[in-house]
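Quick look at target_4.tsv (TSV, C-alpha atoms):
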chain	number	residue	atom	x	y	z
A	1	MET	CA	3.36	-20.85	-24.36
A	2	LYS	CA	0.20	-18.82	-23.92
A	3	GLN	CA	0.88	-15.31	-22.70
A	4	LYS	CA	-0.79	-14.19	-19.49
A	5	THR	CA	-2.51	-10.82	-19.24
A	6	ILE	CA	-1.31	-8.78	-16.27
A	7	LEU	CA	-3.63	-5.90	-15.46
A	8	THR	CA	-1.59	-3.14	-13.81
A	9	ALA	CA	-3.93	-1.10	-11.61
A	10	PHE	CA	-2.77	2.32	-10.41
A	11	GLY	CA	-3.74	5.94	-9.69
A	12	GLY	CA	-6.78	6.35	-7.48
A	13	SER	CA	-8.18	9.05	-5.23
A	14	SER	CA	-5.16	9.57	-2.98
A	15	PRO	CA	-2.58	12.27	-2.18
A	16	GLU	CA	-0.04	9.71	-3.39
A	17	HIS	CA	-1.66	9.45	-6.83
A	18	GLU	CA	1.40	10.63	-8.78
A	19	VAL	CA	3.72	8.31	-6.86
A	20	SER	CA	1.46	5.42	-7.86
A	21	VAL	CA	1.72	6.43	-11.54
A	22	ILE	CA	5.51	6.33	-11.37
A	23	THR	CA	5.58	2.93	-9.65
A	24	ALA	CA	3.13	1.49	-12.20
A	25	HIS	CA	5.17	2.70	-15.17
A	26	GLN	CA	8.37	1.28	-13.74
A	27	ALA	CA	6.61	-2.06	-13.33
A	28	MET	CA	4.95	-2.04	-16.77
A	29	ALA	CA	8.28	-1.27	-18.43
A	30	ALA	CA	9.89	-4.20	-16.63
A	31	LEU	CA	6.96	-6.55	-17.31
A	32	SER	CA	7.10	-5.78	-21.03
A	33	GLU	CA	10.59	-7.33	-21.08
A	34	ASN	CA	9.09	-10.69	-20.11
A	35	ARG	CA	7.52	-12.42	-23.13
A	36	GLU	CA	5.40	-14.48	-20.75
A	37	TYR	CA	3.17	-11.47	-20.08
A	38	ILE	CA	0.87	-9.06	-21.89
A	39	VAL	CA	0.63	-5.75	-20.03
A	40	LYS	CA	-2.78	-4.06	-19.75
A	41	PRO	CA	-3.13	-0.76	-17.84
A	42	LEU	CA	-6.04	0.10	-15.55
A	43	TYR	CA	-5.87	3.72	-14.47
A	44	ILE	CA	-8.23	5.06	-11.82
A	45	SER	CA	-8.41	8.85	-12.11
A	46	LYS	CA	-8.41	11.22	-9.16
A	47	SER	CA	-12.19	11.48	-9.55
A	48	GLY	CA	-12.57	7.69	-9.50
A	49	ARG	CA	-13.06	6.95	-13.25
A	50	TRP	CA	-11.78	3.59	-14.48
A	51	LEU	CA	-9.85	3.99	-17.74
A	52	THR	CA	-7.73	1.89	-20.03
A	53	GLY	CA	-5.90	2.36	-23.34
A	54	ASP	CA	-2.45	2.47	-24.90
A	55	ALA	CA	-2.07	6.18	-24.08
A	56	LEU	CA	-1.66	5.15	-20.43
A	57	LEU	CA	1.58	3.35	-21.31
A	58	ASP	CA	3.43	6.63	-22.01
A	59	LEU	CA	4.38	8.52	-18.85
A	60	LYS	CA	4.65	11.81	-20.76
A	61	ASN	CA	0.90	11.73	-21.39
A	62	PHE	CA	0.28	12.21	-17.66
A	63	GLU	CA	1.53	15.79	-17.90
A	64	ASN	CA	-1.99	16.73	-19.04
A	65	LEU	CA	-4.51	14.54	-17.23
A	66	LYS	CA	-7.57	16.05	-18.95
A	67	ASN	CA	-6.27	15.25	-22.41
A	68	LEU	CA	-5.15	11.83	-21.25
A	69	GLU	CA	-8.59	10.92	-19.92
A	70	LYS	CA	-10.19	11.98	-23.22
A	71	SER	CA	-7.91	9.64	-25.16
A	72	CYS	CA	-8.70	6.64	-22.94
A	73	SER	CA	-11.67	4.29	-22.77
A	74	PRO	CA	-13.90	3.85	-19.72
A	75	CYS	CA	-13.83	0.29	-18.42
A	76	HIS	CA	-15.09	-2.00	-15.67
A	77	PHE	CA	-14.93	-5.58	-14.43
A	78	SER	CA	-17.65	-7.97	-15.56
A	79	LEU	CA	-18.25	-11.70	-15.97
A	80	ASN	CA	-18.26	-13.40	-19.37
A	81	GLU	CA	-20.54	-16.25	-20.41
A	82	PHE	CA	-18.24	-18.75	-18.67
A	83	GLY	CA	-18.33	-16.87	-15.38
A	84	LEU	CA	-14.76	-15.60	-15.74
A	85	THR	CA	-13.83	-12.04	-14.89
A	86	VAL	CA	-12.96	-9.79	-17.81
A	87	LEU	CA	-12.14	-6.13	-18.30
A	88	SER	CA	-14.90	-4.60	-20.44
A	89	GLU	CA	-13.67	-1.61	-22.41
A	90	GLU	CA	-16.29	0.73	-23.79
A	91	THR	CA	-16.17	1.53	-27.53
A	92	LYS	CA	-17.79	4.35	-29.47
A	93	GLY	CA	-20.80	3.83	-31.69
A	94	PHE	CA	-24.46	3.05	-31.02
A	95	PHE	CA	-24.16	-0.64	-31.92
A	96	ALA	CA	-20.54	-1.05	-30.86
A	97	LYS	CA	-19.74	-3.94	-28.55
A	98	PRO	CA	-17.29	-3.55	-25.68
A	99	ILE	CA	-13.75	-4.89	-26.04
A	100	VAL	CA	-13.39	-7.74	-23.58
A	101	THR	CA	-10.03	-8.81	-22.11
A	102	ARG	CA	-9.57	-11.88	-19.93
A	103	ILE	CA	-7.47	-11.06	-16.86
A	104	ASP	CA	-4.99	-13.54	-15.40
A	105	THR	CA	-3.54	-11.50	-12.53
A	106	VAL	CA	-3.86	-7.95	-11.24
A	107	LEU	CA	-0.67	-6.12	-10.32
A	108	THR	CA	-1.72	-3.56	-7.70
A	109	ALA	CA	0.42	-0.41	-7.84
A	110	PHE	CA	-1.62	1.97	-5.70
A	111	HIS	CA	-0.19	4.06	-2.89
A	112	GLY	CA	-2.14	5.49	0.01
A	113	SER	CA	-5.86	5.57	0.62
A	114	ASN	CA	-8.45	3.97	-1.71
A	115	GLY	CA	-6.05	1.48	-3.21
A	116	GLU	CA	-3.39	0.39	-0.78
A	117	ASN	CA	-5.88	0.27	2.12
A	118	GLY	CA	-7.71	-2.88	0.99
A	119	ALA	CA	-10.55	-1.17	-0.89
A	120	PHE	CA	-9.44	-2.24	-4.37
A	121	GLN	CA	-8.33	-5.62	-3.05
A	122	GLY	CA	-11.94	-6.12	-1.94
A	123	VAL	CA	-13.13	-5.49	-5.49
A	124	CYS	CA	-10.70	-8.13	-6.75
A	125	GLU	CA	-11.99	-10.55	-4.12
A	126	MET	CA	-15.57	-9.95	-5.26
A	127	PHE	CA	-14.59	-10.78	-8.85
A	128	ASN	CA	-12.42	-13.75	-7.83
A	129	LEU	CA	-9.25	-12.23	-9.31
A	130	PRO	CA	-5.69	-13.04	-8.19
A	131	TYR	CA	-3.91	-9.84	-7.16
A	132	THR	CA	-0.45	-8.99	-5.92
A	133	GLY	CA	0.19	-7.83	-2.39
A	134	SER	CA	-1.64	-8.38	0.88
A	135	ASN	CA	-5.28	-9.30	1.33
A	136	VAL	CA	-8.06	-6.93	2.38
A	137	LEU	CA	-7.52	-7.20	6.14
A	138	SER	CA	-3.72	-7.07	6.04
A	139	SER	CA	-3.78	-4.10	3.66
A	140	ALA	CA	-6.16	-2.24	5.97
A	141	LEU	CA	-4.02	-3.04	9.02
A	142	GLY	CA	-0.87	-1.92	7.24
A	143	MET	CA	-2.49	1.39	6.31
A	144	ASP	CA	-3.60	2.10	9.89
A	145	LYS	CA	-0.47	3.12	11.81
A	146	VAL	CA	-2.25	3.08	15.15
A	147	ILE	CA	-3.72	-0.43	14.96
A	148	ALA	CA	-0.58	-1.87	13.39
A	149	LYS	CA	1.56	-0.47	16.21
A	150	LYS	CA	-0.84	-1.65	18.91
A	151	LEU	CA	-0.72	-5.19	17.49
A	152	CYS	CA	3.07	-5.06	17.33
A	153	GLY	CA	3.37	-3.59	20.82
A	154	ASN	CA	1.22	-6.41	22.22
A	155	GLU	CA	3.67	-8.89	20.72
A	156	GLY	CA	6.68	-7.20	22.29
A	157	ILE	CA	7.85	-5.50	19.11
A	158	PRO	CA	9.25	-2.08	20.12
A	159	VAL	CA	7.29	1.00	19.02
A	160	VAL	CA	7.76	4.68	19.90
A	161	ASP	CA	5.66	6.17	22.71
A	162	GLY	CA	2.73	8.22	21.44
A	163	PHE	CA	-1.03	8.70	21.33
A	164	ASP	CA	-3.73	9.10	18.72
A	165	PHE	CA	-6.86	11.26	18.46
A	166	PHE	CA	-9.58	12.28	16.03
A	167	GLU	CA	-10.58	15.63	14.60
A	168	ALA	CA	-13.63	15.71	16.91
A	169	ASP	CA	-11.31	15.33	19.93
A	170	TRP	CA	-9.23	18.28	18.76
A	171	ALA	CA	-12.32	20.43	18.27
A	172	LYS	CA	-13.71	19.65	21.73
A	173	LYS	CA	-10.65	19.33	23.98
A	174	PRO	CA	-7.47	20.73	22.42
A	175	ASP	CA	-5.96	21.39	25.87
A	176	ALA	CA	-6.11	17.68	26.69
A	177	ILE	CA	-4.13	16.91	23.55
A	178	PHE	CA	-1.57	19.60	24.36
A	179	ALA	CA	-1.23	18.10	27.84
A	180	LYS	CA	-0.55	14.62	26.44
A	181	ALA	CA	2.08	16.06	24.10
A	182	ASP	CA	3.72	17.84	27.04
A	183	VAL	CA	4.05	14.50	28.82
A	184	LEU	CA	5.90	13.04	25.83
A	185	ASN	CA	8.25	16.08	25.91
A	186	TYR	CA	9.12	18.05	22.80
A	187	PRO	CA	10.04	17.63	20.05
A	188	VAL	CA	7.16	15.42	18.89
A	189	ILE	CA	6.12	14.30	15.45
A	190	VAL	CA	2.60	14.58	14.01
A	191	LYS	CA	1.42	12.03	11.44
A	192	PRO	CA	-1.80	11.32	9.56
A	193	VAL	CA	-2.73	7.75	10.50
A	194	HIS	CA	-3.68	6.56	7.01
A	195	LEU	CA	-1.10	8.16	4.71
A	196	GLY	CA	2.44	7.44	3.58
A	197	SER	CA	5.23	9.16	1.63
A	198	SER	CA	5.69	11.58	4.58
A	199	ILE	CA	2.68	13.60	3.42
A	200	GLY	CA	1.27	15.75	6.22
A	201	VAL	CA	4.07	14.72	8.59
A	202	ASN	CA	5.78	17.45	10.63
A	203	VAL	CA	7.95	17.84	13.73
A	204	ALA	CA	6.77	20.20	16.48
A	205	LYS	CA	9.26	21.74	18.93
A	206	ASN	CA	6.66	23.54	21.03
A	207	ARG	CA	2.91	24.07	21.43
A	208	GLU	CA	2.76	26.66	18.68
A	209	ASP	CA	4.45	24.32	16.23
A	210	LEU	CA	2.18	21.51	17.39
A	211	GLU	CA	-1.00	23.44	16.69
A	212	GLN	CA	0.16	24.27	13.17
A	213	ALA	CA	1.25	20.68	12.51
A	214	ILE	CA	-2.09	19.31	13.70
A	215	GLU	CA	-4.12	21.71	11.56
A	216	LEU	CA	-2.01	20.78	8.52
A	217	ALA	CA	-2.28	17.03	9.12
A	218	PHE	CA	-6.08	17.25	9.45
A	219	ARG	CA	-6.21	18.38	5.83
A	220	TYR	CA	-5.24	14.83	4.86
A	221	ASP	CA	-6.77	12.63	7.56
A	222	ARG	CA	-9.28	12.92	10.41
A	223	HIS	CA	-7.21	10.57	12.58
A	224	LEU	CA	-3.75	11.67	13.76
A	225	LEU	CA	-0.86	10.15	15.67
A	226	ILE	CA	1.61	12.09	17.84
A	227	GLU	CA	4.84	10.40	18.84
A	228	LYS	CA	8.02	11.25	20.68
A	229	VAL	CA	10.85	12.08	18.25
A	230	VAL	CA	13.72	9.60	18.18
A	231	SER	CA	16.97	11.57	18.32
A	232	PRO	CA	19.59	11.32	17.01
A	233	LEU	CA	17.57	9.57	14.32
A	234	MET	CA	18.70	7.01	11.79
A	235	GLU	CA	16.09	5.42	9.52
A	236	ILE	CA	16.61	1.84	8.40
A	237	ASN	CA	14.29	0.04	5.99
A	238	CYS	CA	14.11	-3.42	4.46
A	239	SER	CA	11.68	-5.35	2.29
A	240	VAL	CA	9.97	-8.70	2.82
A	241	LEU	CA	8.82	-11.01	0.02
A	242	GLY	CA	6.61	-14.08	0.34
A	243	SER	CA	3.59	-15.11	2.40
A	244	ASP	CA	2.80	-15.34	6.10
A	245	SER	CA	3.97	-18.98	6.05
A	246	ARG	CA	7.18	-18.47	4.08
A	247	CYS	CA	9.04	-15.23	3.46
A	248	LYS	CA	12.51	-13.82	2.87
A	249	VAL	CA	13.98	-10.42	3.64
A	250	SER	CA	16.11	-8.04	1.57
A	251	VAL	CA	19.24	-6.16	2.55
A	252	CYS	CA	18.72	-3.07	4.70
A	253	GLU	CA	18.90	0.49	3.43
A	254	LYS	CA	19.67	3.75	5.17
A	255	PRO	CA	17.74	6.61	3.49
A	256	LEU	CA	19.60	9.92	3.39
A	257	GLY	CA	17.74	13.24	3.49
A	258	LYS	CA	18.58	16.90	3.78
A	259	GLU	CA	16.73	17.02	7.10
A	260	GLU	CA	16.63	14.56	9.98
A	261	LEU	CA	13.04	13.78	9.00
A	262	LEU	CA	12.77	12.45	5.45
A	263	SER	CA	10.29	14.56	3.50
A	264	PHE	CA	8.18	13.86	0.40
A	265	GLN	CA	10.72	15.95	-1.53
A	266	ASP	CA	13.60	13.79	-0.28
A	267	LYS	CA	11.79	10.63	-1.33
A	268	TYR	CA	10.34	11.58	-4.71
A	269	LEU	CA	11.44	14.99	-5.98
A	270	ALA	CA	15.08	14.26	-6.60
A	271	GLU	CA	16.68	15.25	-9.91
A	272	GLU	CA	15.47	11.98	-11.45
A	273	GLY	CA	11.90	12.28	-10.21
A	274	SER	CA	10.51	9.81	-12.76
A	275	LYS	CA	12.43	7.07	-10.94
A	276	GLY	CA	10.25	7.43	-7.83
A	277	MET	CA	11.73	5.93	-4.68
A	278	ALA	CA	14.64	4.59	-6.74
A	279	ALA	CA	15.90	8.17	-7.18
A	280	ALA	CA	16.12	8.95	-3.45
A	281	ASP	CA	19.52	9.17	-1.79
A	282	ARG	CA	20.28	6.05	0.20
A	283	GLU	CA	23.02	3.79	1.47
A	284	ILE	CA	22.60	0.16	0.36
A	285	PRO	CA	23.45	-2.02	2.16
A	286	ALA	CA	23.16	0.17	5.24
A	287	ASP	CA	26.52	0.61	6.98
A	288	ILE	CA	25.34	-0.57	10.39
A	289	PRO	CA	26.52	-3.36	12.73
A	290	ALA	CA	25.64	-6.89	11.61
A	291	LYS	CA	23.78	-7.51	14.88
A	292	LEU	CA	21.50	-4.52	14.25
A	293	THR	CA	20.94	-5.59	10.64
A	294	ASN	CA	19.94	-9.11	11.68
A	295	SER	CA	17.64	-7.86	14.45
A	296	ILE	CA	15.81	-5.47	12.12
A	297	GLN	CA	15.46	-8.13	9.42
A	298	ASP	CA	14.09	-10.66	11.91
A	299	THR	CA	11.63	-8.08	13.28
A	300	ALA	CA	10.53	-7.17	9.74
A	301	LYS	CA	9.61	-10.80	9.06
A	302	GLN	CA	7.87	-10.98	12.43
A	303	VAL	CA	5.69	-7.94	11.64
A	304	PHE	CA	4.97	-9.18	8.10
A	305	THR	CA	3.78	-12.52	9.50
A	306	LEU	CA	1.87	-10.98	12.43
A	307	LEU	CA	-0.21	-8.80	10.11
A	308	GLY	CA	-0.84	-11.72	7.74
A	309	CYS	CA	0.82	-9.99	4.79
A	310	SER	CA	1.76	-11.56	1.47
A	311	GLY	CA	3.50	-10.54	-1.73
A	312	LEU	CA	5.91	-7.70	-1.16
A	313	ALA	CA	6.15	-5.06	1.56
A	314	ARG	CA	8.68	-2.57	2.87
A	315	LEU	CA	9.08	-2.05	6.60
A	316	ASP	CA	10.51	1.14	8.05
A	317	PHE	CA	12.32	1.36	11.37
A	318	LEU	CA	13.50	4.27	13.51
A	319	VAL	CA	16.90	3.80	15.16
A	320	ASP	CA	18.50	5.78	17.97
A	321	ALA	CA	21.87	6.42	16.33
A	322	GLU	CA	23.66	6.49	19.71
A	323	SER	CA	22.22	3.42	21.42
A	324	ASN	CA	21.20	1.47	18.27
A	325	LYS	CA	17.83	0.81	19.89
A	326	PHE	CA	15.27	0.47	17.11
A	327	TYR	CA	11.50	0.83	16.80
A	328	PHE	CA	9.00	-0.41	14.22
A	329	ASN	CA	7.63	2.65	12.42
A	330	GLU	CA	5.36	1.44	9.62
A	331	ILE	CA	4.75	-1.19	6.97
A	332	ASN	CA	4.10	-0.30	3.32
A	333	THR	CA	2.11	-3.14	1.78
A	334	ILE	CA	2.62	-1.59	-1.69
A	335	PRO	CA	5.96	0.23	-1.41
A	336	GLY	CA	7.11	2.92	-3.81
A	337	SER	CA	8.89	1.43	-6.84
A	338	PHE	CA	8.11	-1.97	-5.24
A	339	SER	CA	11.45	-1.51	-3.44
A	340	PHE	CA	13.15	-3.14	-6.43
A	341	TYR	CA	16.39	-1.32	-5.58
A	342	LEU	CA	16.59	-3.32	-2.32
A	343	TRP	CA	16.04	-6.63	-4.09
A	344	LYS	CA	18.49	-5.75	-6.83
A	345	GLU	CA	21.15	-5.52	-4.11
A	346	SER	CA	19.83	-8.83	-2.75
A	347	GLY	CA	20.45	-10.57	-6.09
A	348	ILE	CA	16.92	-10.38	-7.58
A	349	ALA	CA	16.43	-8.27	-10.73
A	350	PHE	CA	13.23	-6.22	-11.13
A	351	THR	CA	11.76	-8.48	-13.84
A	352	LEU	CA	12.27	-11.55	-11.65
A	353	LEU	CA	10.90	-9.72	-8.60
A	354	LEU	CA	7.67	-8.93	-10.45
A	355	LYS	CA	7.38	-12.54	-11.61
A	356	LYS	CA	7.76	-13.73	-8.02
A	357	MET	CA	5.06	-11.27	-6.89
A	358	ILE	CA	2.71	-12.54	-9.60
A	359	ASP	CA	3.46	-16.18	-8.75
A	360	ILE	CA	2.77	-15.54	-5.05
A	361	ALA	CA	-0.53	-13.83	-5.96
A	362	ASN	CA	-1.62	-16.88	-7.94
A	363	GLU	CA	-0.50	-19.29	-5.20
A	364	GLU	CA	-2.45	-17.38	-2.55
A	365	HIS	CA	-5.50	-17.28	-4.81
A	366	GLN	CA	-5.30	-21.03	-5.41
A	367	LYS	CA	-5.09	-21.68	-1.65
A	368	LYS	CA	-8.24	-19.66	-1.08
A	369	SER	CA	-10.03	-21.29	-4.04
A	370	ARG	CA	-9.50	-24.74	-2.51
A	371	GLN	CA	-11.59	-23.75	0.49
A	372	ILE	CA	-15.37	-24.20	0.58
A	373	GLN	CA	-16.96	-21.04	-0.84
A	374	SER	CA	-20.61	-21.89	-0.11
A	375	TYR	CA	-22.71	-24.05	2.18
A	376	ASP	CA	-24.91	-26.61	0.46
A	377	THR	CA	-28.30	-25.64	1.78
A	378	ASN	CA	-31.09	-23.38	0.60
A	379	LEU	CA	-32.35	-21.10	3.34
A	380	LEU	CA	-34.91	-19.75	0.90
A	381	SER	CA	-36.60	-23.11	0.42
A	382	LYS	CA	-40.33	-23.31	1.17
A	383	LYS	CA	-39.74	-24.81	4.61
A	384	ALA	CA	-37.04	-22.29	5.53
A	385	VAL	CA	-39.11	-19.33	4.38
A	386	SER	CA	-42.10	-20.51	6.40
A	387	GLY	CA	-39.84	-20.77	9.44
A	388	ILE	CA	-38.65	-17.19	8.94
A	389	LYS	CA	-42.28	-16.04	8.65
A	390	GLY	CA	-42.99	-17.80	11.94
A	391	LEU	CA	-40.17	-15.92	13.61
A	392	LYS	CA	-41.63	-12.64	12.41
A	393	ALA	CA	-45.02	-13.59	13.78
A	394	ASN	CA	-43.54	-14.23	17.21
A	395	LYS	CA	-42.12	-10.71	17.49

The structure in this file should be written as structure tokens.
Amino acid sequence: MKQKTILTAFGGSSPEHEVSVITAHQAMAALSENREYIVKPLYISKSGRWLTGDALLDLKNFENLKNLEKSCSPCHFSLNEFGLTVLSEETKGFFAKPIVTRIDTVLTAFHGSNGENGAFQGVCEMFNLPYTGSNVLSSALGMDKVIAKKLCGNEGIPVVDGFDFFEADWAKKPDAIFAKADVLNYPVIVKPVHLGSSIGVNVAKNREDLEQAIELAFRYDRHLLIEKVVSPLMEINCSVLGSDSRCKVSVCEKPLGKEELLSFQDKYLAEEGSKGMAAADREIPADIPAKLTNSIQDTAKQVFTLLGCSGLARLDFLVDAESNKFYFNEINTIPGSFSFYLWKESGIAFTLLLKKMIDIANEEHQKKSRQIQSYDTNLLSKKAVSGIKGLKANK
């Protein structure tokens, strides 16, 4: 059986860069156990350089990024003589030819902006490459908390009351923003619209806290969201696997943090930090009533389908611990550690989970490839061009 080359793409210009590195290495280690695949790393540095090389397979090498980049080879996508996409790896020497690797599927392991937001997915689309996870539009929707919640709210999916604003609004009319926050009643929570991993997220108990939280959040994003705090808060998450036409849901988890609001430290800086999200404290399955579990799982599939997602995603919900009323909080179209710990408890090992993600990516790519990609006419023919010239003359 011919082995398939899986290009694992990770890193990128994002505050969640390091989290992406951890997720990618967990996946590459698991993929290497499957003899069906050859693992090839594609690392995008914080400055945007595309690099590949065996040095990227050792997590310890990431302790010194400058040295790591020097030991790797610059690379890029290109088309070979048959029109197939390959990874071209630069080699040293005046007459040296690039090393060319045919790519079967791209495993996307980015987190946050410029990777999880649909940007890299668009590159894969341009080069006609199958890739894991959601398409360009669904990835962008999932990254935008405001639009995702508006779409869900319109479909009757419960979301927390709040409002959004841009940095220009804050500069011109801060009092109007304070007034809106007062209507929500404190405490409120401030969130960057396009980030995850709780980066830049803070709770404000009064106007002074709110001003500080807003100024901090604007360091990461120019678009912010302020919401009423759910209290007493219980967070419940679950993962969805499949496509918008057929998907299944994992068991639910209840993350446990030192504070009511889970921080970046709670999620990633546990004693076993190299395990990423898998190292965070959590209760799996979540010890909640079966009715609540089923309702959250059904809603997770509803959101996944509504946003047109595919592959794997994790959906986070906020629950009022007294009333058990729950709200959709956000969807992570490329979740930390690919939420393998949730699927492990659902009877799917990590190696099998990755295989399913790759199979779904290829199925979705085949569906798209069966559609007409061009229209059989030549607008640049002599007759068409003369018609265009006539239009210009009539202006």

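The interatomic distance for the pair CA of Lys145 (chain A) and CA of Leu224 (chain A) works out to 9.4 Å.
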
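From CA of Val123 (chain A) back to CA of Ser310 (chain A), the distance works out to 17.5 Å.
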
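Within 6 Å of region 84-95 of chain A, once all atoms listed in the file are used and residues closer than 6 positions along the same chain are dropped, the contacting residues are Ser73, Pro74, Cys75, His76, Phe77, Ser78, Thr101, Arg102 and Ile103 of chain A.
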
Contact residues around Glu363 (chain A) with all atoms listed in the file at 12 Å, ignoring same-chain residues under 6 positions, as a list in words = Thr105, Leu129, Pro130, Tyr131, Thr132, Gly133, Gly242, Ser243, Ser310, Gly311, Lys356, Met357, Ser369 and Arg370 of chain A

query = At most 9 Å from (2.0, 19.1, 4.8), file frame, only C-alpha atoms: which residues, as an MDAnalysis selection string?
reply = chainID A and resid 198:202 213 216:217 219:220

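Checking A:Val188, A:Ile334, A:Cys238, A:Leu210 one by one against Pro174 (chain A), counting all atoms listed in the file, you find the shortest gap at A:Leu210.
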
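Between Asp244 (chain A) and the residues A:Gln302, A:Gln121, A:Asn362, A:Ser323, the shortest atom-to-atom distance, using only C-alpha atoms, involves A:Gln302.
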
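One finds CA of Glu345 (chain A) at 27.1 Å from CA of Pro232 (chain A).
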
task = Tell me which of A:Ser250, A:Asn80, A:Ser45, A:Ser14 sits closest to Gly112 (chain A), counting all atoms listed in the file.
result = A:Ser14

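Proximity ranking of A:Asp221, A:Asp175, A:Glu283, A:Glu211 relative to Pro192 (chain A) places A:Asp221 first, based on only C-alpha atoms.
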
Within 8 Å of file point (-3.4, -15.9, -16.6), counting only C-alpha atoms, expressed as a ChimeraX atom specification = /A:3-6,103-105

Can you report as lines of an AutoDock Vina configuration file the centre and edge lengths in Å, to one decimal, of an axis-aligned box around the listed atoms of region 48-52 of chain A padded with 4 Å on each side?
center_x = -10.4
center_y = 4.8
center_z = -14.8
size_x = 13.3
size_y = 13.8
size_z = 18.5

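Across A:Ile189, A:Ala349, A:Val160, A:Val183, the tightest approach to Lys325 (chain A) is made by A:Val160 when counting all atoms listed in the file.
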
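Taking only C-alpha atoms into account, Asn128 (chain A) lies nearest to A:Gly83 out of the set A:Leu292, A:Lys355, A:Asp182, A:Gly83.
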
task = Write out as a PyMOL selection string the residues lying within 8 Å of region 140-142 of chain A, counting all atoms listed in the file and excluding same-chain residues fewer than 2 positions away.
result = chain A and resi 116-118+136-138+144-145+147-148+307+330-333
